[in-house]
Each structure stands twice: as C-alpha cells, then as structure tokens.
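Participant: One structure follows; several queries about it will come next.
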Number of protein chains: 2
Amino acid sequence: MDLLIAGGTVVTMDDEYRVVEGGSLAVEGARIVSVLEPGAALPEAAERIDASGMLVIPGLINTHGHVPMALMRGLADDMKLMEWLNEFIFPAEARNVDEEFSYWGTLLGSIEMARSGTTTFTDMYYFEDAIAKAADEAGLRAVLGSSIIGFPAPDFKTTDEALRAAEAFVVKWKGHSRIVPSVAPHALYTTDIEVVAKARELSRRYQVPFQMHAHEAQQEDEVVRAKYGETAVTLLEERGLLGPGMILHHAITLTDTDIALLAERGVAVSHNPESNMKGASGLARVPDLLARGVTVGLGTDGPASNNNLDMFEEMDTAAKVHKLFRSDPTVMPAREVFRMATRGGAKALGLDSLVGSLEVGKRADVVLIDLNQPELTPMYDVYSHLVYAIKGAHVRTVVIDGRVVVRDRRMTTLDEQAVMEKAREIQNRILASLK
Amino acid sequence: MDLLIAGGTVVTMDDEYRVVEGGSLAVEGARIVSVLEPGAALPEAAERIDASGMLVIPGLINTHGHVPMALMRGLADDMKLMEWLNEFIFPAEARNVDEEFSYWGTLLGSIEMARSGTTTFTDMYYFEDAIAKAADEAGLRAVLGSSIIGFPAPDFKTTDEALRAAEAFVVKWKGHSRIVPSVAPHALYTTDIEVVAKARELSRRYQVPFQMHAHEAQQEDEVVRAKYGETAVTLLEERGLLGPGMILHHAITLTDTDIALLAERGVAVSHNPESNMKGASGLARVPDLLARGVTVGLGTDGPASNNNLDMFEEMDTAAKVHKLFRSDPTVMPAREVFRMATRGGAKALGLDSLVGSLEVGKRADVVLIDLNQPELTPMYDVYSHLVYAIKGAHVRTVVIDGRVVVRDRRMTTLDEQAVMEKAREIQNRILASLK
C-alpha cells in the first residue's frame with residue numbers, strides 16, 4: 001500500500017451518504033483501494049497520515065474560473081461591469097498577459113485552491129498551455145480550455161487561430177492523468193455562433209468537455225437576442241449543439257424553456273454565486289435547476305471577480321443566498337450544497353467516474369480538515385459544519401491522485417515564497433502599464 | 001512606552017481614511033499615544049511587535065450576538081424558524097442553559113472572535129453576569145445586556161425579576177474598563193411595551209446603551225401590528241422611547257417612515273446579513289439607512305444562526321448581497337463596509353470616543369493581519385482586500401485595551417484546549433437532554 005489515511009471521520013459522499021467515524025482510506029498509486037471501518041486491520045503503507053480529530057472529505061471541485069487573474073485580484077472593484085472591463089481588466093490584460101503571466105498566476109492560484117481544499121479546478125483563459133504546465137507542476141487536477149473569443153485576445157488574434165490552438169491543446173494534453181483538456185469558446189455575446197459550432201464539433205470529435213459562459217447577465221441576453229432573436233440556450237438547441245459533456249457557466253437568466261432544454265439534453269451548469277453577487281448580475285435559478293434534474297456544480301469564477309478561490313466560502317454563500325431569495329430557509333440544505341461542490345461538480349465536468357466521492361476505485365483526491373479548533377467545537381452535524389462553519393484555512397492536508405500536495409498547510413510541490421515574490425514583480429509591471 | 005507596534009501598513013480609519021505605509025503605533029497603558037510615520041524615531045517600549053508585512057487595523061466591532069450559543073452551533077439548520085426554535089433551540093436552552101453554559105460558551109466564542117479580529121462584541125443572552133465574567137477573563141471588550149423577555153427564561157421567570165437583575169447587572173459592571181453594561185429587552189413580539197418602556201427608562205437613568213431586536217422578520221411585524229396597530233419603530237416613537245444610545249438589531253422590515261424616525265432620533269441599527277439570509281428573514285435596507293444618515297454597525301448574530309462569529313465573513317457578504325439585491329455593483333463599496341465594521345459599530349454602540357479607529361487618545365484595540373499569504377498576494381487596495389479577500393484566519397496578533405490577547409494565533413488569556421474539552425462535555429449533556 002502506498003498511503004494510508006487512518007482513523008478520521010470519513011465523509012464518503014457515496015450513494016448512501018455514508019459517514020464512517022474512525023474510518024480509514026487505503027491508497028495504491030493514484031486510487032482508493034479500500035474504505036475501512038473502525039476496528040478493521042490496517043494495512044502497512046509506505047506513508048501513513050494520522051486523521052484522528054479530522055474530517056476526511058472528497059476534494060472540492062471548482063467548476064469555473066480564470067485562475068491567473070489572481071495576479072489582478074483587487075485591481076478594481078465596486079464598479080459597473082463595462083467600466084471594470086474597459087478601464088481596468090482589458091487594458092491590464094492586453095498589456096501584461098503572456099505565457100509568464102498565465103504560468104505564475106496559475107501557480108499562485110493553485111496554492112490558494114489546494115490549501116483551501118480544492119483538488120480539481122476548471123479554467124478558461126489565455127496561454128492555456130502555460131496554465132496546464134503550472135497546474136501539472138502544482139499537482140492539481142484541472143479541466144482546462146484555451147479560450148476562443150471573437151476579438152483579438154492576448155494569445156490569438158483570430159478565431160481561426162484560436163480554434164487551431166484549441167485543437168492542438170486538446171491533442172497535447174489528452175490522456176494526462178490529471179490535466180483534462182476541454183474546448184472553451186468564451187460566450188455567444190462575444191463569439192459568433194458559427195465559431196461556437198466549430199468548437200462544439202471539436203469537443204465532440206475528441207470527446208472532451210465543452211465549457212462556455214452563457215446567460216451571465218441581462219445585458220448579455222439582450223445582445224444575443226438582438227443578434228439571433230432568441231436566448232443562448234434555444235439558439236444552441238436549434239443548431240444541435242446542446243448535449244452531454246457540456247457545462248454552461250453562470251446560467252443566470254434562464255427561462256423555463258431553457259431549463260427544460262438543459263434537463264432534456266443533459267447539459268450541466270456551473271453556479272457562481274459570489275461573483276454574480278459582487279457583479280450584481282443576478283442569481284441563477286438553482287433550486288429550479290435541481291428540481292428539474294439538471295446537474296449543477298459550484299464555481300468561484302476568477303479571483304478578480306470574487307475575490308477568492310475558496311470553495312468553502314462559495315458553499316456557505318450558495319446555501320444562504322437562495323434561502324433569502326426564496327424566503328425559505330429549507331432550500332439548499334447543507335448536504336445538498338456539499339454534494340454540489342463534490343459529486344455535482346464531478347458529474348458536471350464528466351469526471352464522476354474518477355472523483356467526487358471517497359469510494360473504492362476512484363482517484364484518491366482527499367482533503368483532511370482539522371476539527372480541533374475552537375470555532376469548530378463542538379460539532380453536531382458534518383454537513384452543517386462543512387457548509388456553514390468550516391473555512392479553507394481549516395484544511396491541513398490534501399492528497400491529489402494519491403500524492404500529498406499539501407502537508408500541514410504547506411505545498412509540497414512548490415516554493416510558496418518564490419511564487420509570491422514573482423507575483424509582486426508582475427504586479428509592479430501591471431501598475432506601471434496602467435499609468 | 002508599554003507597547004510598540006512597528007512598521008506595518010496602518011489603516012487608521014480616521015476622518016481622512018489615512019493609510020500609513022510603514023507606520024507604527026505607540027501604546028501607553030490602554031491607550032494609543034502616537035501614530036508614527038515611517039522614518040520617525042521609534043520610542044523604546046517594554047514590548048515591541050514587528051508589523052512588517054502586516055496590515056494594522058482597528059479591531060472589528062460585532063454589534064449583535066448571543067455568544068454562548070457557540071455550544072449549539074449546527075445543532076439544527078435549514079428549517080423554518082418556528083420549527084428550529086420550538087423543536088431544537090428552546091428545549092435545548094430550557095434544559096441546559098445555566099451559569100456554567102453561559103460562562104464556557106462565552107469563553108469558546110471569545111476565542112473565535114478574538115482570533116478572527118473582533119475586539120468588541122455585543123451580547124444579550126441568559127446568565128449575563130457569567131458572560132461578563134468570561135468576556136473579562138478572555139480580555140475582550142463587550143457591550144452586554146441581561147435579557148428581559150416576556151416569558152419564563154432559563155435565568156429569570158418574570159419580567160419584574162429580569163428588570164431587577166438587569167439593573168443589578170448595570171450597577172455591578174458600570175465603570176469597568178472593557179465591559180460595558182447595557183439594557184436588553186428581547187423584542188416587542190415577545191415582551192410587552194410597558195416592560196420595554198421600563199427597560200428604556202433604566203438605560204436612560206444609568207446612561208448605558210439600550211439594545212433590542214426589532215423588525216427582524218415579517219412574521220414579527222404581524223404580531224406587533226396585531227397587538228399595537230403599528231410598527232415597532234412607530235410604537236417606540238409614540239411612547240417617547242426612541243433616542244440616542246439605542247441600537248436595534250436586524251431592522252429588516254422598516255418603512256420609509258420608520259427610517260426617517262431612526263434618522264431623526266439618532267437611533268442606530270445592527271445589520272446581520274448572514275443570519276438573515278440563513279433564516280430567510282429578509283434584507284435590511286442598509287443603503288437607504290446610510291443615505292438617510294442612520295448609523296449602521298455589522299453583527300454576526302448568534303453562532304447557531306450564522307454559523308460563525310467571523311466579522312470578515314460578514315463584511316464580504318454584506319458588500320455582495322446588497323449589490324445583488326439592488327442590481328448595482330457600486331452600492332456598499334469595500335471602504336464603506338469596512339467603516340461599518342469599525343467606526344460604524346463603535347458609533348452604534350456609543351463607544352466612538354474609545355474605539356473604531358487608530359488615533360491618538362483612543363484605546364489600543366488593534367489587529368495585525370499577515371499579508372505574506374499566497375491568497376493575499378499581490379495587494380492593490382487595502383479596503384478591497386479587507387472586505388473581499390482577507391478572512392479571520394489571516395489575523396495573527398490582537399491587542400485589546402493595550403494588552404496582547406492573541407499572539408501568533410494563540411490566545412494569551414485562556415487555555416484553548418481546556419475550553420474545547422469543556423465544550424464537548426456540555427455538548428454531550430445537550431444531546432442527552434434532547435433524547
């Protein structure tokens with residue numbers, strides 16, 4: 001046995017929502033080979049992690065983000081979207097985003113994600129190959145797509161170039177044990193439907209996930225309606241593009257017809273409440289989506305829109321904001337929200353056979369949470385604690401694909417101080433470029 | 001000099017919102033005696049804290065809570081208020097709340113609050129004298145009131161008893177350097193207006209703060225209207241009870257007339273967005289209150305309703321949820337929200353001459369935040385970081401009334417492990433009592 005995680009409160013998230021008090025996990029290579037009851041004989045293992053006084057949970061799955069934007073967190077806030085984009089984000093990106101930016105920004109964001117319990121993240125940004133390289137080095141699992149957008153971007157000037165690069169990216173990374181390539185057109189308000197159709201064809205040909213922003217705000221809907229006379233979802237349906245292996249980010253302004261179509265076609269949604277609140281974009285109809293059987297994952301969006309990558313924060317907010325909006329404290333109960341951040345996300349990304357629960361045969365993506373903290377004592381209910389009380393900083397140890405990536409709150413794969421130093425250097429360049 | 005906090009980024013929250021890079025604070029006894037610019041000669045001091053790479057901020061002020069309920073955090077969630085109260089909270093309280101419960105629950109909550117940067121908290125619960133003793137021992141500043149409620153409570157069976165005890169509590173603690181006694185009738189839907197009037201008279205006679213729940217939910221309003229034919233605020237106005245030195249908790253369902261009355265009479269409001277969201281009670285009209293000049297502080301409410309006492313979480317949520325509700329990303333900008341959690345809270349509690357900013361003559365309630373963290377690097381704007389990115393766990397050192405209460409994330413005043421052990425023991429009693 002390579003790794004034994006011994007004697008914790010194991011929250012399996014299996015079909016029976018089994019919680020094993022004093023349970024253990026045995027790992028061989030990248031996989032969980034047994035979930036042991038208390039009292040079971042524990043196998044010898046090359047490495048043994050003591051999980052007593054710890055919660056042992058499946059790694060969290062972040063279904064949407066633009067991770068390198070960690071380098072621009074807090075550059076501008078509290079303003080209208082167009083002002084934020086046109087006066088700050090777009091100029092800063094045009095003048096600064098290059099391979100180095102995406103690489104170091106991803107290392108930086110990966111530390112934050114891993115240390116707050118996220119083991120799988122999703123990204124679409126620029127210079128995605130550098131992002132994949134960084135995610136791989138950091139040791140995280142990631143679903144990554146090279147952005148295809150209908151205007152000149154920092155990496156590619158035309159959609160033809162971007163489509164070719166997207167294909168090359170998929171070919172290069174397909175088969176990697178943790179890096180899952182995907183196809184990622186930006187959105188229908190920025191990118192023509194013909195380009196989106198080509199991207200969808202690419203994702204189908206290579207059988208990789210397809211991700212896109214859709215129904216992110218009222219203003220976007222207006223652009224799509226003005227150009228095509230319908231909603232993004234009905235347009236995608238009409239062109240035969242909806243189907244499994246597809247995740248739509250935000251999905252706020254859905255009509256009942258849109259929701260029925262997503263359910264029928266097996267399309268998943270990434271719900272990003274904190275970003276949507278901060279940007280005043282609206283709130284996705286998650287209780288309706290869940291009631292119709294649509295798979296929903298949680299996501300933070302980019303760290304410049306949130307401004308953190310902590311999925312515990314996202315769960316807490318998701319559970320609370322829908323209660324307020326529906327005037328009903330029973331909607332989005334804690335266990336359902338935790339499911340969304342684990343199994344829900346895994347299914348939304350097409351990774352449910354690999355991750356999302358602690359079960360024999362799945363990859364060992366495991367997070368240990370230190371319960372011996374005043375603010376977590378006493379504990380009555382694991383799911384209530386996971387959603388309402390536990391925060392990213394309570395994470396102590398993180399295992400991804402069977403490898404210890406965070407030990408006692410420190411990354412084992414990266415030099416955190418060196419990454420921070422580089423981040424400050426890039427910040428200085430960004431500030432100088434905006435003068 | 002007793003204490004020197006040397007060489008940090010000092011966020012003064014003075015009238016000019018001055019931020020001193022490389023600034024220092026000199027403390028003599030309980031007071032700040034100088035705010036030093038970088039390069040200034042630093043005085044000798046008995047203790048010197050190196051603040052390089054740290055943000056130095058005024059301690060956060062939590063304006064509403066029931067702190068001992070930390071012992072019941074997560075006992076029940078995600079249900080209708082009446083079910084939550086009648087089937088879980090009230091029976092658990094009736095069978096378990098005694099002096100010991102309030103004392104240890106307060107120690108437990110005080111650790112959480114201090115370690116997440118709160119230096120002043122507000123409480124109304126049962127056996128308040130035990131709460132005052134615990135808060136004093138923990139070293140926090142606190143505005144405390146012995147609950148006066150119109151039904152038999154764990155400590156006092158009648159409102160006459162409760163009023164007499166409230167007066168004794170005020171007499172006992174008035175003049176203490178950190179414990180500020182207040183008068184705390186529960187609410188108008190639970191407590192008769194004649195009793196509330198007597199409580200108000202008491203607070204005026206002793207010149208101590210008056211705190212009460214008001215306009216906490218639609219259902220409460222209906223009870224008040226059915227009994228008195230008007231809103232809580234108009235009823236209080238009619239009886240001549242509104243005025244300075246008064247803070248109303250929640251204040252969600254205010255009419256325009258109510259808001260105008262609060263502004264005119266100098267009554268403050270405690271805003272508790274996370275508890276209100278989790279309970280699906282509604283959202284206070286904070287932008288309107290601020291626009292009319294009403295003083296607003298932030299509060300967490302009890303840890304069984306939230307479920308944490310972390311004011312950084314509360315700031316983040318407050319900033320975001322109003323943007324969503326108003327469909328306007330410019331409302332509740334970060335600096336205004338941070339002001340609410342510091343100067344706003346201080347003013348709301350009548351403590352603005354003592355705390356809420358880092359200025360000469362004020363008490364040294366100071367919090368140091370470690371910026372050398374991947375998720376806080378780089379930093380562009382202190383207020384954006386304070387509200388959207390910094391969390392309680394980033395707090396390293398806390399000074400209250402000139403005394404170091406948290407050093408390197410550890411309480412100096414309490415044995416944290418012993419408090420947790422006692423908390424688990426009380427939990428077992430609670431669980432047994434509910435069988």
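Here's how to read the names in the structure tokens: chain A, B, ... by the order shown, residue numbers from 1 in each chain, ligand numbers from 1 in the order shown.
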Quick one: residues within 12 Å of Lys227 (chain B), only C-alpha atoms counted, chain neighbours fewer than 2 positions away excluded, as an mmCIF file with C-alpha atoms, in the first residue's frame?
Facilitator:
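The new file selection38.cif reads:
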```cif
data_model
loop_
_atom_site.group_PDB
_atom_site.id
_atom_site.type_symbol
_atom_site.label_atom_id
_atom_site.label_comp_id
_atom_site.auth_asym_id
_atom_site.auth_seq_id
_atom_site.Cartn_x
_atom_site.Cartn_y
_atom_site.Cartn_z
ATOM 1 C CA LEU B 188 -41.683 43.714 21.044
ATOM 2 C CA TYR B 189 -43.163 40.462 19.768
ATOM 3 C CA THR B 190 -42.032 38.655 22.919
ATOM 4 C CA THR B 191 -42.060 41.423 25.509
ATOM 5 C CA ASP B 192 -44.786 43.898 26.379
ATOM 6 C CA ILE B 193 -44.290 47.572 25.501
ATOM 7 C CA GLU B 220 -42.792 39.529 13.902
ATOM 8 C CA ASP B 221 -44.160 42.658 12.342
ATOM 9 C CA GLU B 222 -47.525 40.984 12.043
ATOM 10 C CA VAL B 223 -47.558 40.163 15.757
ATOM 11 C CA VAL B 224 -46.618 43.732 16.679
ATOM 12 C CA ARG B 225 -49.177 45.231 14.310
ATOM 13 C CA GLY B 229 -51.771 48.551 15.388
ATOM 14 C CA GLU B 230 -48.408 49.917 14.268
ATOM 15 C CA THR B 231 -44.778 49.081 13.560
ATOM 16 C CA ALA B 232 -42.219 48.583 16.312
ATOM 17 C CA LEU B 235 -44.764 52.410 18.603
#
```
Participant: Would you write out, as a tab-separated table, a table of all residues in chain B that have an atom no more than 6 Å from an atom of chain A, listing for each the closest atom pair and the distance in Å to one decimal, considering only C-alpha atoms and ordering rows by chain and rising residue number?
Facilitator:
```
residue	atom	partner	partner_atom	distance
B:Gly74	CA	A:Tyr380	CA	5.7
B:Leu75	CA	A:Tyr380	CA	5.5
B:Asp78	CA	A:Thr330	CA	4.7
B:Met79	CA	A:Thr330	CA	4.9
B:Lys80	CA	A:Pro329	CA	5.9
B:Glu112	CA	A:Glu375	CA	5.4
B:Met277	CA	A:Leu324	CA	4.7
B:Lys278	CA	A:Lys320	CA	4.8
B:Gly279	CA	A:Pro329	CA	5.3
B:Ala280	CA	A:Leu324	CA	4.3
B:Asn307	CA	A:Tyr388	CA	5.4
B:Asn308	CA	A:Ala389	CA	5.8
B:Lys320	CA	A:Lys278	CA	4.8
B:Val321	CA	A:Met277	CA	6.0
B:Lys323	CA	A:Ala280	CA	5.1
B:Leu324	CA	A:Ala280	CA	4.3
B:Ser327	CA	A:Ala280	CA	4.8
B:Asp328	CA	A:Ala280	CA	5.4
B:Pro329	CA	A:Ala280	CA	5.1
B:Thr330	CA	A:Asp78	CA	4.7
B:Pro333	CA	A:Asp78	CA	5.5
B:Glu375	CA	A:Glu112	CA	5.4
B:Pro378	CA	A:Arg424	CA	5.5
B:Tyr380	CA	A:Leu75	CA	5.5
B:Ser384	CA	A:Gly74	CA	5.7
B:Tyr388	CA	A:Asn307	CA	5.4
B:Ala389	CA	A:Asn307	CA	5.6
B:Arg424	CA	A:Pro378	CA	5.5
```
Participant: Got time to write the residues from that selection, C-alpha atoms, as an mmCIF file, in the first residue's frame?
Facilitator:
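And here's result_7.cif as it stands now:
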```cif
data_model
loop_
_atom_site.group_PDB
_atom_site.id
_atom_site.type_symbol
_atom_site.label_atom_id
_atom_site.label_comp_id
_atom_site.auth_asym_id
_atom_site.auth_seq_id
_atom_site.Cartn_x
_atom_site.Cartn_y
_atom_site.Cartn_z
ATOM 1 C CA GLY B 74 -25.060 23.271 13.934
ATOM 2 C CA LEU B 75 -27.494 21.586 16.337
ATOM 3 C CA ASP B 78 -32.119 24.600 7.209
ATOM 4 C CA MET B 79 -35.573 24.658 8.730
ATOM 5 C CA LYS B 80 -38.420 27.086 9.382
ATOM 6 C CA GLU B 112 -13.241 32.550 17.862
ATOM 7 C CA MET B 277 -30.002 35.109 4.812
ATOM 8 C CA LYS B 278 -29.697 31.736 6.536
ATOM 9 C CA GLY B 279 -33.012 32.295 8.298
ATOM 10 C CA ALA B 280 -34.603 33.661 5.099
ATOM 11 C CA ASN B 307 -22.833 29.674 11.840
ATOM 12 C CA ASN B 308 -19.710 31.652 12.662
ATOM 13 C CA LYS B 320 -22.024 41.423 -2.015
ATOM 14 C CA VAL B 321 -25.633 40.765 -1.104
ATOM 15 C CA LYS B 323 -25.181 44.659 -4.840
ATOM 16 C CA LEU B 324 -27.249 41.679 -5.939
ATOM 17 C CA SER B 327 -28.708 45.133 -9.225
ATOM 18 C CA ASP B 328 -25.951 47.672 -8.745
ATOM 19 C CA PRO B 329 -22.284 46.730 -8.208
ATOM 20 C CA THR B 330 -21.465 50.210 -6.905
ATOM 21 C CA PRO B 333 -18.248 49.670 -1.680
ATOM 22 C CA GLU B 375 -4.171 34.321 -1.428
ATOM 23 C CA PRO B 378 -0.371 40.835 -4.576
ATOM 24 C CA TYR B 380 -3.686 46.536 -4.816
ATOM 25 C CA SER B 384 -10.810 45.631 -1.202
ATOM 26 C CA TYR B 388 -13.249 40.592 -0.193
ATOM 27 C CA ALA B 389 -10.065 38.577 0.356
ATOM 28 C CA ARG B 424 -17.541 18.770 24.193
#
```
Participant: Just asking: which residues within region 201-413 of chain A are helix (DSSP H, G or I) according to DSSP, as a ChimeraX atom specification?
Facilitator: /A:201-206,218-228,232-238,256-265,273-278,286-291,311-326,334-348,374-376,382-389,392-394
Participant: What residues in region 166-293 of chain B get the DSSP label strand (DSSP E or B)? Please answer as a PyMOL selection string.
Facilitator: chain B and resi 179-185+210-214+246-250+268-271
Participant: Keeping only C-alpha atoms, write the selected residues as a PDB file, in the first residue's frame.
Facilitator:
```
ATOM      1  CA  ILE B 179     -17.195  45.526  29.982  1.00  0.00           C
ATOM      2  CA  VAL B 180     -19.947  47.979  29.107  1.00  0.00           C
ATOM      3  CA  PRO B 181     -23.285  47.070  30.645  1.00  0.00           C
ATOM      4  CA  SER B 182     -26.429  47.742  28.633  1.00  0.00           C
ATOM      5  CA  VAL B 183     -30.160  47.132  28.961  1.00  0.00           C
ATOM      6  CA  ALA B 184     -31.549  44.485  26.631  1.00  0.00           C
ATOM      7  CA  PRO B 185     -35.262  43.763  26.333  1.00  0.00           C
ATOM      8  CA  PHE B 210     -30.162  50.118  25.057  1.00  0.00           C
ATOM      9  CA  GLN B 211     -30.331  47.182  22.660  1.00  0.00           C
ATOM     10  CA  MET B 212     -33.320  45.250  21.315  1.00  0.00           C
ATOM     11  CA  HIS B 213     -34.324  43.075  18.371  1.00  0.00           C
ATOM     12  CA  ALA B 214     -36.737  44.958  16.115  1.00  0.00           C
ATOM     13  CA  MET B 246     -30.171  52.881  21.290  1.00  0.00           C
ATOM     14  CA  ILE B 247     -29.352  50.106  18.835  1.00  0.00           C
ATOM     15  CA  LEU B 248     -31.955  47.973  17.077  1.00  0.00           C
ATOM     16  CA  HIS B 249     -30.873  44.528  15.869  1.00  0.00           C
ATOM     17  CA  HIS B 250     -31.781  43.325  12.354  1.00  0.00           C
ATOM     18  CA  ALA B 268     -28.574  53.041  15.365  1.00  0.00           C
ATOM     19  CA  VAL B 269     -29.064  49.728  13.593  1.00  0.00           C
ATOM     20  CA  SER B 270     -27.149  46.436  13.738  1.00  0.00           C
ATOM     21  CA  HIS B 271     -27.098  44.762  10.327  1.00  0.00           C
TER      22      HIS B 271
END
```
Participant: May I ask which of the residues B:Ala187, B:Val27, B:Met340, B:Ala6 is the closest one to Ala40 (chain B), counting only C-alpha atoms?
Facilitator: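 For Ala40 (chain B), the nearest of the given residues is B:Ala6.
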Participant: For each of A:Arg265, A:His215, A:Arg200, A:Arg95, take the minimum atom-to-atom distance to Glu237 (chain A), counting only C-alpha atoms, then give the residue where this is smallest.
Facilitator: A:Arg265
Participant: Go ahead and compute the interatomic distance for CA of Phe88 (chain B) and CA of Lys435 (chain B), in Å to one decimal.
Facilitator: 11.1 Å
Participant: Between B:Val19, B:Leu358, B:Leu368, B:Leu351, which one has atoms that come closest to Arg409 (chain B), using only C-alpha atoms?
Facilitator: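 Closest residue, counting only C-alpha atoms: B:Leu368.
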Participant: Within 7 Å of Tyr125 (chain A), counting only C-alpha atoms, which residues qualify if same-chain residues fewer than 5 places away don't, as a list in words?
Facilitator: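 My reading of the contact set: His66, Ser146 and Ser147 of chain A.
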